[in-house]
Structure formats: C-alpha cells, structure tokens
file final-v7.cif (mmCIF, C-alpha atoms)
data_start
#
loop_
_atom_site.label_atom_id
_atom_site.label_comp_id
_atom_site.auth_asym_id
_atom_site.auth_seq_id
_atom_site.Cartn_x
_atom_site.Cartn_y
_atom_site.Cartn_z
CA MET A 1 0.00 0.00 0.00
CA GLY A 2 1.14 3.55 -0.68
CA GLU A 3 1.46 6.14 2.05
CA GLN A 4 -1.78 7.79 3.13
CA ALA A 5 -1.83 11.55 2.69
CA PRO A 6 -1.73 13.38 6.04
CA VAL A 7 -4.96 14.94 7.17
CA ASN A 8 -4.72 18.31 8.90
CA ALA A 9 -6.68 19.20 12.00
CA SER A 10 -9.19 21.40 10.20
CA ALA A 11 -9.96 18.65 7.73
CA LYS A 12 -10.53 16.17 10.59
CA ALA A 13 -12.84 18.59 12.34
CA ALA A 14 -14.85 19.11 9.18
CA ALA A 15 -15.31 15.34 8.89
CA THR A 16 -17.09 15.12 12.28
CA PRO A 17 -20.61 16.23 13.10
CA GLN A 18 -19.25 18.82 15.49
CA GLY A 19 -16.97 20.11 12.77
CA LYS A 20 -19.97 20.52 10.48
CA VAL A 21 -21.89 22.43 13.11
CA SER A 22 -18.89 24.69 13.80
CA ALA A 23 -18.47 25.35 10.11
CA LYS A 24 -22.09 26.44 9.85
CA LYS A 25 -21.77 28.80 12.79
CA THR A 26 -18.50 30.37 11.65
CA LYS A 27 -18.97 33.64 9.83
CA ALA A 28 -16.42 35.78 8.06
CA ALA A 29 -15.22 38.72 10.11
CA LYS A 30 -17.02 41.92 9.27
CA PRO A 31 -14.80 44.15 7.10
CA GLU A 32 -13.45 47.22 8.88
CA SER A 33 -15.12 50.39 7.72
CA ARG A 34 -13.12 53.33 6.45
CA LEU A 35 -14.10 55.38 9.50
CA ALA A 36 -13.06 52.61 11.90
CA MET A 37 -9.72 52.23 10.13
CA VAL A 38 -9.03 55.97 10.32
CA ARG A 39 -9.87 56.01 14.02
CA ARG A 40 -7.63 53.01 14.66
CA ALA A 41 -4.79 54.54 12.62
CA ARG A 42 -4.98 57.81 14.53
CA ARG A 43 -5.02 55.95 17.83
CA ILE A 44 -1.91 54.02 16.78
CA ASN A 45 -0.23 57.33 16.00
CA ARG A 46 -1.13 58.66 19.46
CA GLU A 47 0.20 55.50 21.08
CA LEU A 48 3.43 55.72 19.08
CA ALA A 49 3.84 59.33 20.19
CA GLU A 50 3.83 58.13 23.80
CA ILE A 51 6.18 55.22 23.08
CA TYR A 52 8.66 57.32 21.06
CA PRO A 53 8.41 60.93 22.31
CA TYR A 54 12.04 61.28 21.21
CA ALA A 55 11.50 60.07 17.62
CA HIS A 56 13.80 61.92 15.23
CA PRO A 57 15.57 61.60 11.88
CA GLU A 58 18.31 59.01 12.36
CA LEU A 59 20.82 60.69 10.08
CA ASP A 60 23.41 63.03 11.58
CA PHE A 61 23.29 66.50 9.99
CA ARG A 62 23.93 70.15 10.86
CA ASN A 63 22.34 71.90 7.88
CA PRO A 64 20.07 71.19 4.88
CA PHE A 65 22.99 70.32 2.60
CA GLU A 66 24.33 67.69 4.99
CA LEU A 67 20.86 66.17 5.38
CA LEU A 68 20.36 66.09 1.61
CA VAL A 69 23.70 64.36 1.03
CA ALA A 70 23.19 61.92 3.91
CA THR A 71 19.73 60.97 2.66
CA VAL A 72 21.05 60.27 -0.85
CA LEU A 73 23.78 58.10 0.68
CA SER A 74 21.26 56.18 2.80
CA ALA A 75 19.85 54.27 -0.19
CA GLN A 76 20.52 50.53 0.11
CA THR A 77 22.41 50.86 3.39
CA THR A 78 21.81 51.69 7.05
CA ASP A 79 21.63 55.14 8.58
CA LEU A 80 24.37 54.00 10.94
CA ARG A 81 26.77 53.31 8.10
CA VAL A 82 25.97 56.71 6.58
CA ASN A 83 26.56 58.42 9.93
CA GLN A 84 29.90 56.66 10.25
CA THR A 85 30.88 57.83 6.76
CA THR A 86 29.76 61.46 6.59
CA PRO A 87 32.12 63.08 9.16
CA ALA A 88 35.13 62.61 6.85
CA LEU A 89 33.02 63.49 3.80
CA PHE A 90 31.81 66.80 5.22
CA ALA A 91 35.23 67.64 6.59
CA ALA A 92 36.55 67.40 3.02
CA TYR A 93 33.56 68.96 1.25
CA PRO A 94 31.46 71.12 3.62
CA THR A 95 29.55 73.07 0.93
CA PRO A 96 27.91 72.38 -2.43
CA GLU A 97 30.65 74.42 -4.11
CA ASP A 98 33.34 72.28 -2.49
CA MET A 99 31.65 69.01 -3.41
CA ALA A 100 30.94 70.16 -6.98
CA ALA A 101 34.70 70.62 -7.47
CA ALA A 102 35.63 67.24 -5.96
CA ALA A 103 37.64 64.68 -7.89
CA PRO A 104 35.24 61.79 -8.55
CA GLU A 105 37.80 59.20 -7.45
CA HIS A 106 38.33 60.90 -4.09
CA LEU A 107 34.61 61.32 -3.51
CA GLU A 108 34.01 57.67 -4.37
CA GLU A 109 36.65 56.54 -1.89
CA LEU A 110 35.15 58.62 0.92
CA ILE A 111 31.65 57.20 0.44
CA ARG A 112 32.71 53.63 -0.44
CA PRO A 113 31.42 52.20 2.91
CA THR A 114 27.83 53.10 1.97
CA GLY A 115 27.81 50.84 -1.09
CA PHE A 116 26.95 51.68 -4.71
CA PHE A 117 29.57 54.39 -4.29
CA ARG A 118 30.12 55.16 -7.99
CA MET A 119 26.43 55.78 -8.63
CA LYS A 120 26.08 57.78 -5.42
CA ALA A 121 29.19 59.85 -6.19
CA LYS A 122 27.70 60.72 -9.59
CA SER A 123 24.48 61.85 -7.88
CA LEU A 124 26.36 63.92 -5.27
CA LEU A 125 28.46 65.63 -7.92
CA GLY A 126 25.37 66.33 -10.01
CA LEU A 127 23.23 67.71 -7.21
CA SER A 128 26.13 69.81 -5.86
CA LYS A 129 26.70 71.36 -9.26
CA ALA A 130 22.97 72.03 -9.63
CA LEU A 131 22.85 73.67 -6.20
CA ARG A 132 25.86 75.81 -7.13
CA ASP A 133 24.69 76.78 -10.59
CA ASP A 134 20.90 76.92 -10.25
CA PHE A 135 20.17 77.69 -6.59
CA GLY A 136 22.98 79.95 -5.46
CA GLY A 137 24.65 77.24 -3.43
CA GLU A 138 21.58 76.78 -1.22
CA VAL A 139 19.29 73.77 -0.84
CA PRO A 140 15.83 74.82 -2.06
CA GLY A 141 12.88 74.54 0.29
CA ARG A 142 10.30 73.42 -2.28
CA LEU A 143 9.55 69.85 -3.32
CA GLU A 144 9.24 70.76 -7.00
CA ASP A 145 12.78 72.16 -6.92
CA LEU A 146 14.33 69.38 -4.86
CA VAL A 147 13.13 66.59 -7.16
CA THR A 148 14.95 68.23 -10.09
CA LEU A 149 18.29 67.46 -8.41
CA PRO A 150 20.16 64.31 -9.52
CA GLY A 151 19.47 61.36 -7.22
CA VAL A 152 16.64 63.12 -5.38
CA GLY A 153 13.12 61.69 -5.44
CA ARG A 154 10.01 62.40 -3.38
CA LYS A 155 11.21 60.36 -0.40
CA THR A 156 14.50 62.26 -0.14
CA ALA A 157 12.74 65.57 -0.78
CA ASN A 158 10.22 64.94 2.00
CA VAL A 159 13.01 64.01 4.43
CA VAL A 160 14.78 67.30 3.72
CA LEU A 161 11.63 69.42 3.74
CA GLY A 162 10.28 67.93 6.95
CA ASN A 163 13.49 67.95 8.96
CA ALA A 164 15.47 70.90 7.59
CA PHE A 165 12.67 73.29 6.63
CA GLY A 166 9.73 72.30 8.82
CA VAL A 167 7.51 71.54 5.81
CA PRO A 168 5.25 68.55 6.66
CA GLY A 169 5.67 65.44 4.56
CA ILE A 170 5.24 61.66 4.64
CA THR A 171 8.47 59.74 4.06
CA VAL A 172 7.70 56.33 2.56
CA ASP A 173 10.79 54.18 3.11
CA THR A 174 10.90 50.39 3.39
CA HIS A 175 9.89 50.35 7.07
CA PHE A 176 7.05 52.83 6.63
CA GLY A 177 5.53 51.02 3.66
CA ARG A 178 5.79 47.64 5.37
CA LEU A 179 4.10 48.76 8.59
CA VAL A 180 1.23 50.75 7.07
CA ARG A 181 0.37 47.73 4.95
CA ARG A 182 0.69 45.42 7.97
CA TRP A 183 -1.68 47.72 9.87
CA LYS A 184 -4.14 47.73 6.94
CA TRP A 185 -3.95 51.48 6.44
CA THR A 186 -3.33 50.88 2.75
CA GLU A 187 -2.83 48.05 0.28
CA GLN A 188 -0.77 50.13 -2.13
CA GLN A 189 2.79 49.13 -3.05
CA ASP A 190 3.82 52.19 -5.04
CA PRO A 191 5.44 54.72 -2.63
CA GLU A 192 3.66 57.72 -4.13
CA LYS A 193 0.26 56.01 -3.82
CA VAL A 194 1.10 54.98 -0.24
CA GLU A 195 2.04 58.58 0.52
CA ALA A 196 -1.23 59.90 -0.92
CA GLU A 197 -3.40 57.44 1.00
CA ILE A 198 -1.66 58.00 4.34
CA CYS A 199 -1.75 61.77 3.88
CA ALA A 200 -5.54 61.46 3.56
CA ILE A 201 -5.79 59.74 6.97
CA PHE A 202 -3.83 62.22 9.08
CA PRO A 203 -3.80 66.00 9.46
CA LYS A 204 -0.89 67.66 7.72
CA SER A 205 0.66 68.75 11.01
CA GLU A 206 1.28 65.07 11.90
CA TRP A 207 2.93 63.93 8.68
CA THR A 208 6.61 64.41 9.53
CA MET A 209 6.46 63.05 13.08
CA LEU A 210 4.21 60.17 12.02
CA SER A 211 6.93 59.17 9.57
CA HIS A 212 9.55 59.13 12.33
CA ARG A 213 7.36 57.20 14.75
CA VAL A 214 6.45 54.50 12.25
CA VAL A 215 10.07 54.05 11.16
CA PHE A 216 11.21 53.92 14.79
CA HIS A 217 8.65 51.20 15.51
CA GLY A 218 9.63 49.23 12.44
CA ARG A 219 13.31 49.29 13.35
CA ARG A 220 12.86 48.52 17.03
CA ILE A 221 9.85 46.26 17.46
CA CYS A 222 7.84 45.50 14.32
CA HIS A 223 10.63 43.89 12.31
CA SER A 224 10.16 42.49 8.83
CA GLN A 225 10.95 38.83 9.51
CA ARG A 226 10.49 38.44 13.26
CA PRO A 227 8.13 41.06 14.71
CA ALA A 228 8.30 41.23 18.50
CA CYS A 229 4.51 40.96 18.87
CA GLY A 230 4.69 39.90 22.53
CA ALA A 231 6.61 43.09 23.42
CA CYS A 232 4.57 45.47 21.27
CA PRO A 233 2.60 48.16 23.11
CA ILE A 234 0.16 48.60 20.22
CA ALA A 235 -0.56 44.88 19.78
CA PRO A 236 -4.29 45.28 20.64
CA LEU A 237 -4.63 47.68 17.68
CA CYS A 238 -2.70 45.55 15.20
CA PRO A 239 -4.57 43.30 12.73
CA ALA A 240 -1.31 41.43 12.07
CA TYR A 241 -0.72 40.45 15.72
CA GLY A 242 0.61 36.90 15.84
CA GLU A 243 2.75 37.09 12.71
CA GLY A 244 5.75 37.33 15.02
CA GLU A 245 6.83 36.04 18.41
CA THR A 246 3.99 36.42 20.94
CA ASP A 247 5.76 35.10 24.04
CA PRO A 248 6.71 38.24 26.02
CA ASP A 249 10.08 36.93 27.21
CA LYS A 250 11.12 35.68 23.79
CA ALA A 251 9.79 38.83 22.10
CA ALA A 252 11.79 41.05 24.46
CA LYS A 253 14.98 39.44 23.16
CA LEU A 254 14.11 40.64 19.64
CA LEU A 255 14.01 44.35 20.53
CA LYS A 256 16.64 46.54 18.90
CA TYR A 257 18.47 49.81 19.55
CA GLU A 258 17.44 51.60 22.74
CA LYS A 259 14.51 49.23 23.28
CA GLY A 260 17.00 46.37 23.39
CA GLY A 261 19.63 48.24 25.38
CA GLN A 262 21.89 48.73 22.36
CA PRO A 263 23.32 51.89 20.71
CA GLY A 264 21.17 53.77 18.23
CA GLN A 265 22.13 54.79 14.71
CA ARG A 266 23.26 58.37 15.31
CA LEU A 267 26.73 59.29 16.50
CA THR A 268 25.24 62.59 17.71
CA PRO A 269 21.66 61.84 18.82
CA PRO A 270 19.33 64.54 20.17
CA PRO A 271 19.67 65.39 23.88
CA ASP A 272 16.38 63.65 24.76
CA TYR A 273 17.36 60.34 23.15
CA PRO A 274 17.25 57.71 25.93
CA GLY A 275 19.68 55.30 24.30
CA LEU A 276 23.40 55.15 23.65
CA PRO A 277 25.13 57.01 20.80
CA ALA A 278 26.44 54.85 17.96
CA GLN A 279 30.16 54.40 17.52
CA PRO A 280 32.14 55.73 14.56
CA LEU A 281 33.98 53.42 12.20
CA GLY A 282 36.73 51.60 14.03
CA GLY A 283 34.84 51.41 17.31
CA ALA A 284 36.35 54.49 18.94
CA PRO A 285 34.20 56.31 21.51
CA ALA A 286 31.43 58.37 19.94
CA PRO A 287 31.89 62.16 20.00
CA SER A 288 30.23 63.95 22.89
#
call {"tool": "encode", "arguments": {"input": "final-v7.cif", "output": "structure tokens"}}
result
Amino acid sequence: MGEQAPVNASAKAAATPQGKVSAKKTKAAKPESRLAMVRRARRINRELAEIYPYAHPELDFRNPFELLVATVLSAQTTDLRVNQTTPALFAAYPTPEDMAAAAPEHLEELIRPTGFFRMKAKSLLGLSKALRDDFGGEVPGRLEDLVTLPGVGRKTANVVLGNAFGVPGITVDTHFGRLVRRWKWTEQQDPEKVEAEICAIFPKSEWTMLSHRVVFHGRRICHSQRPACGACPIAPLCPAYGEGETDPDKAAKLLKYEKGGQPGQRLTPPPDYPGLPAQPLGGAPAPS
C-alpha cells in the first residue's frame, strides 16, 4: 500500500458532526469600515507618540545640505553606516561648491562604505553642481525644486523638507511602507500612492512626526521577519498580531536599539534620546 496523505486538524474537524456544526456557525469577520480604520490609525499614531516621544531623523546632519547628502547616501544601506561615513566626507567637502569641485575618485573613496559608491558619487556631484549653478549654493525649500536634483526623489525631498525646513511630509521608506500595509492602512505598493493614502488619513501637522514614529517602531519592534509581537505596546490595535513572536520573554529578546539596550544609529543623537550614541567606524568612543 502507498502512504496515506496526512490529514490536517481542520480537515478532521470538518469530517465530524461537530466540525460541520462549527463550520455552519463560523462567519467571516465583518470588514473594517473606512471610518473605523481611520480612528484606529490615529489611535496608533497617538500610542506611538507616547512610546517614542524622542522620535527623530536618524541621520546626523547640521544643515540642509548635509541632510540632503546623507539621505542620498542612505539608499541601500543603514543610517548608521551613513553616519559613520559622513564626518570625513563633510570635513573634506562642507559646501555644495566644495563638493561640486571634488575629484570623482576621491569622492568615491570617501563614500565607499555606503555601497553603490560610484552611482552615489555621480548623484552627489550632479546635485552639488545644480545647487551651485541653479540655486545659489543653497538647498531649495520646495519639493518641486528638490526633485529636479540628480538622485533626489520624493522620499528624499520629503526628508529634507520635513526635517530641515519644517515643511510637513510623509516619508515612505521600506519600514514605513511595510508597517502601514501590515496595519491595513493601505494596500498600495507604489510609494507615491502609499504617501497619498496615508496623507488622507492624518492631518498635515502630523505627517513628519508620524513618519519618524512609524520608522522607529519598524526598526525597534515590528521587524520584517520576526516582529516582536509579545513586546509590542500597540498589539491590541494591530490586525497582524501573531505574525511574530507572541511570548513576552522571547519577544523582548528581539528588541533593537534603545529598546534592546543597544546603541542607536546616530553618532550625535538629540539630547532627549534615551539610548546610547552609535560608535564611529573603528569602534572608537562616539563624539560627545
């Protein structure tokens, strides 16, 4: 005789009278209304504001130009690696005029740790020259101007506008897109469509800080592969609860950065940051 195919528990239950009765009584969950979703989303934002009152951009910068450059460098790498790379970069090229005149080979070597350094060097040279020639050496404060710069899209523009100019914007990075879909705020995959749908849920005044809070949560608790569901303060509001580890003790071991007692990503974090500063390349003590 050949092997009998395994029968799963649900199939066994369906084969019994009780299983048939249960199947008849089971009804599909009522779809969440738009209004209920908006209320839940806004409550999650309020909860995140209490969990991360210190949420901030995790790139080190002192002016709009440094933030623009750091954000371009952050593609396909971590903010930590960018923060470990930019001190030497900005020491060599502190202004758009300086960077526009850089030798490509030297610029490439300085940013090599961030990966894709040839492509990124080309973008930095291009945007620096554009800032020098078209904007008087200053980073423009309008989205329509920023997106004309080489290597600058809506995500980078919104980061710069929100954090260097105080212009509200939603920043749709990998973490943000993943979490808003996990929370059923949107089903969109395209970043611009995600941005439009989330903007419609929240008042404009919340856009920039919402972006920081969601990214903080995605990096610290709601990870892509192993969400720490059992250690998540907003678990009761999350339709995806149970996708990750639900045991509180095991989930606590999955927490990252300050939530896990480890350094953050900035070498120079804001004064209210409760965690440890990151270390520069080589492991030397972080600057005070």
call {"tool": "residues_near_point", "arguments": {"input": "final-v7.cif", "point": "(23.2, 54.2, 14.9)", "cutoff": "10 Å", "atoms": "only C-alpha atoms", "output": "ChimeraX atom specification"}}
result
/A:58-60,78-84,257,262-269,276-280
call {"tool": "closest_atom_pairs", "arguments": {"input": "final-v7.cif", "of": "range 86-204 of chain A", "to": "range 46-57 of chain A", "cutoff": "12 Å", "atoms": "all atoms listed in the file", "output": "Markdown table"}}
result
| residue | atom | partner | partner_atom | distance |
| --- | --- | --- | --- | --- |
| A:Asn158 | CA | A:Pro57 | CA | 11.7 |
| A:Val159 | CA | A:Pro57 | CA | 8.2 |
| A:Val160 | CA | A:Pro57 | CA | 10.0 |
| A:Leu161 | CA | A:Pro57 | CA | 12.0 |
| A:Gly162 | CA | A:Pro57 | CA | 9.6 |
| A:Asn163 | CA | A:Pro57 | CA | 7.3 |
| A:Ala164 | CA | A:Pro57 | CA | 10.2 |
| A:Thr171 | CA | A:Pro57 | CA | 10.7 |
| A:Phe202 | CA | A:Arg46 | CA | 11.3 |
call {"tool": "closest_residue", "arguments": {"input": "final-v7.cif", "among": "A:Lys30, A:Arg40, A:Thr85, A:Pro140", "to": "Val180 in chain A", "atoms": "all atoms listed in the file"}}
result
A:Arg40
call {"tool": "resolve_selection", "arguments": {"input": "final-v7.cif", "expression": "the PyMOL selection byres ((chain A and resi 95-98) around 6)", "output": "number ranges by chain"}}
result
A: 93-94, 99-101, 128, 132, 137
call {"tool": "closest_residue", "arguments": {"input": "final-v7.cif", "among": "A:Ala157, A:Ala130, A:Met37, A:Leu255", "to": "Arg142 in chain A", "atoms": "only C-alpha atoms"}}
result
A:Ala157
call {"tool": "residues_around", "arguments": {"input": "final-v7.cif", "residues": "Lys155 in chain A", "least_positions_apart": "3", "cutoff": "12 Å", "atoms": "all atoms listed in the file", "output": "PDB file with C-alpha atoms, keeping the file's coordinate frame"}}
result
ATOM      1  CA  LEU A  68      20.360  66.090   1.610  1.00  0.00           C
ATOM      2  CA  THR A  71      19.730  60.970   2.660  1.00  0.00           C
ATOM      3  CA  VAL A  72      21.050  60.270  -0.850  1.00  0.00           C
ATOM      4  CA  SER A  74      21.260  56.180   2.800  1.00  0.00           C
ATOM      5  CA  ALA A  75      19.850  54.270  -0.190  1.00  0.00           C
ATOM      6  CA  LEU A 143       9.550  69.850  -3.320  1.00  0.00           C
ATOM      7  CA  LEU A 146      14.330  69.380  -4.860  1.00  0.00           C
ATOM      8  CA  VAL A 147      13.130  66.590  -7.160  1.00  0.00           C
ATOM      9  CA  GLY A 151      19.470  61.360  -7.220  1.00  0.00           C
ATOM     10  CA  VAL A 152      16.640  63.120  -5.380  1.00  0.00           C
ATOM     11  CA  ASN A 158      10.220  64.940   2.000  1.00  0.00           C
ATOM     12  CA  VAL A 159      13.010  64.010   4.430  1.00  0.00           C
ATOM     13  CA  VAL A 160      14.780  67.300   3.720  1.00  0.00           C
ATOM     14  CA  LEU A 161      11.630  69.420   3.740  1.00  0.00           C
ATOM     15  CA  GLY A 162      10.280  67.930   6.950  1.00  0.00           C
ATOM     16  CA  GLY A 169       5.670  65.440   4.560  1.00  0.00           C
ATOM     17  CA  ILE A 170       5.240  61.660   4.640  1.00  0.00           C
ATOM     18  CA  THR A 171       8.470  59.740   4.060  1.00  0.00           C
ATOM     19  CA  VAL A 172       7.700  56.330   2.560  1.00  0.00           C
ATOM     20  CA  ASP A 173      10.790  54.180   3.110  1.00  0.00           C
ATOM     21  CA  THR A 174      10.900  50.390   3.390  1.00  0.00           C
ATOM     22  CA  PHE A 176       7.050  52.830   6.630  1.00  0.00           C
ATOM     23  CA  GLY A 177       5.530  51.020   3.660  1.00  0.00           C
ATOM     24  CA  ASP A 190       3.820  52.190  -5.040  1.00  0.00           C
ATOM     25  CA  PRO A 191       5.440  54.720  -2.630  1.00  0.00           C
ATOM     26  CA  GLU A 192       3.660  57.720  -4.130  1.00  0.00           C
ATOM     27  CA  VAL A 194       1.100  54.980  -0.240  1.00  0.00           C
ATOM     28  CA  GLU A 195       2.040  58.580   0.520  1.00  0.00           C
ATOM     29  CA  THR A 208       6.610  64.410   9.530  1.00  0.00           C
ATOM     30  CA  SER A 211       6.930  59.170   9.570  1.00  0.00           C
TER      31      SER A 211
END
call {"tool": "resolve_selection", "arguments": {"input": "final-v7.cif", "expression": "the PyMOL selection byres ((chain A and resi 89) around 10)", "output": "ChimeraX atom specification"}}
result
/A:66,69-70,84-88,90-94,99,106-107,109-111
call {"tool": "residues_around", "arguments": {"input": "final-v7.cif", "residues": "range 239-254 of chain A", "least_positions_apart": "5", "cutoff": "7 Å", "atoms": "all atoms listed in the file", "output": "list in words"}}
result
Arg182, Trp183, Arg226, Pro227, Ala228, Cys229, Gly230 and Ala231 of chain A
call {"tool": "closest_residue", "arguments": {"input": "final-v7.cif", "among": "A:Gly115, A:Val167, A:Phe135, A:Gly275", "to": "Trp207 in chain A", "atoms": "only C-alpha atoms"}}
result
A:Val167
call {"tool": "closest_residue", "arguments": {"input": "final-v7.cif", "among": "A:Arg219, A:Lys120, A:Arg43, A:Arg34", "to": "Gln76 in chain A", "atoms": "all atoms listed in the file"}}
result
A:Lys120
call {"tool": "atom_distance", "arguments": {"input": "final-v7.cif", "atom1": "CA of Gly166 in chain A", "atom2": "CA of Thr186 in chain A"}}
result
25.8 Å
call {"tool": "atom_distance", "arguments": {"input": "final-v7.cif", "atom1": "CA of Pro270 in chain A", "atom2": "CA of Cys222 in chain A"}}
result
23.0 Å
call {"tool": "atom_distance", "arguments": {"input": "final-v7.cif", "atom1": "CA of Gly126 in chain A", "atom2": "CA of Thr77 in chain A"}}
result
20.7 Å
call {"tool": "residues_around", "arguments": {"input": "final-v7.cif", "residues": "Val38 in chain A", "least_positions_apart": "3", "cutoff": "10 Å", "atoms": "all atoms listed in the file", "output": "PDB file with C-alpha atoms, keeping the file's coordinate frame"}}
result
ATOM      1  CA  GLU A  32     -13.450  47.220   8.880  1.00  0.00           C
ATOM      2  CA  SER A  33     -15.120  50.390   7.720  1.00  0.00           C
ATOM      3  CA  ARG A  34     -13.120  53.330   6.450  1.00  0.00           C
ATOM      4  CA  LEU A  35     -14.100  55.380   9.500  1.00  0.00           C
ATOM      5  CA  ALA A  41      -4.790  54.540  12.620  1.00  0.00           C
ATOM      6  CA  ARG A  42      -4.980  57.810  14.530  1.00  0.00           C
ATOM      7  CA  ARG A  43      -5.020  55.950  17.830  1.00  0.00           C
ATOM      8  CA  ILE A  44      -1.910  54.020  16.780  1.00  0.00           C
ATOM      9  CA  TRP A 185      -3.950  51.480   6.440  1.00  0.00           C
ATOM     10  CA  ILE A 198      -1.660  58.000   4.340  1.00  0.00           C
ATOM     11  CA  ALA A 200      -5.540  61.460   3.560  1.00  0.00           C
ATOM     12  CA  ILE A 201      -5.790  59.740   6.970  1.00  0.00           C
ATOM     13  CA  PHE A 202      -3.830  62.220   9.080  1.00  0.00           C
TER      14      PHE A 202
END
call {"tool": "residues_near_point", "arguments": {"input": "final-v7.cif", "point": "(6.1, 57.0, 13.9)", "cutoff": "7 Å", "atoms": "all atoms listed in the file", "output": "list in words"}}
result
Asn45, Leu48, Met209, Leu210, Ser211, His212, Arg213, Val214, Val215, Phe216 and His217 of chain A
call {"tool": "write_last_selection", "arguments": {"input": "final-v7.cif", "atoms": "C-alpha atoms", "output": "compact mmCIF listing (two decimals), in the frame of the given file"}}
result
# COMPACT_ATOMS: atom_id res chain seq x y z
CA ASN A 45 -0.23 57.33 16.00
CA LEU A 48 3.43 55.72 19.08
CA MET A 209 6.46 63.05 13.08
CA LEU A 210 4.21 60.17 12.02
CA SER A 211 6.93 59.17 9.57
CA HIS A 212 9.55 59.13 12.33
CA ARG A 213 7.36 57.20 14.75
CA VAL A 214 6.45 54.50 12.25
CA VAL A 215 10.07 54.05 11.16
CA PHE A 216 11.21 53.92 14.79
CA HIS A 217 8.65 51.20 15.51
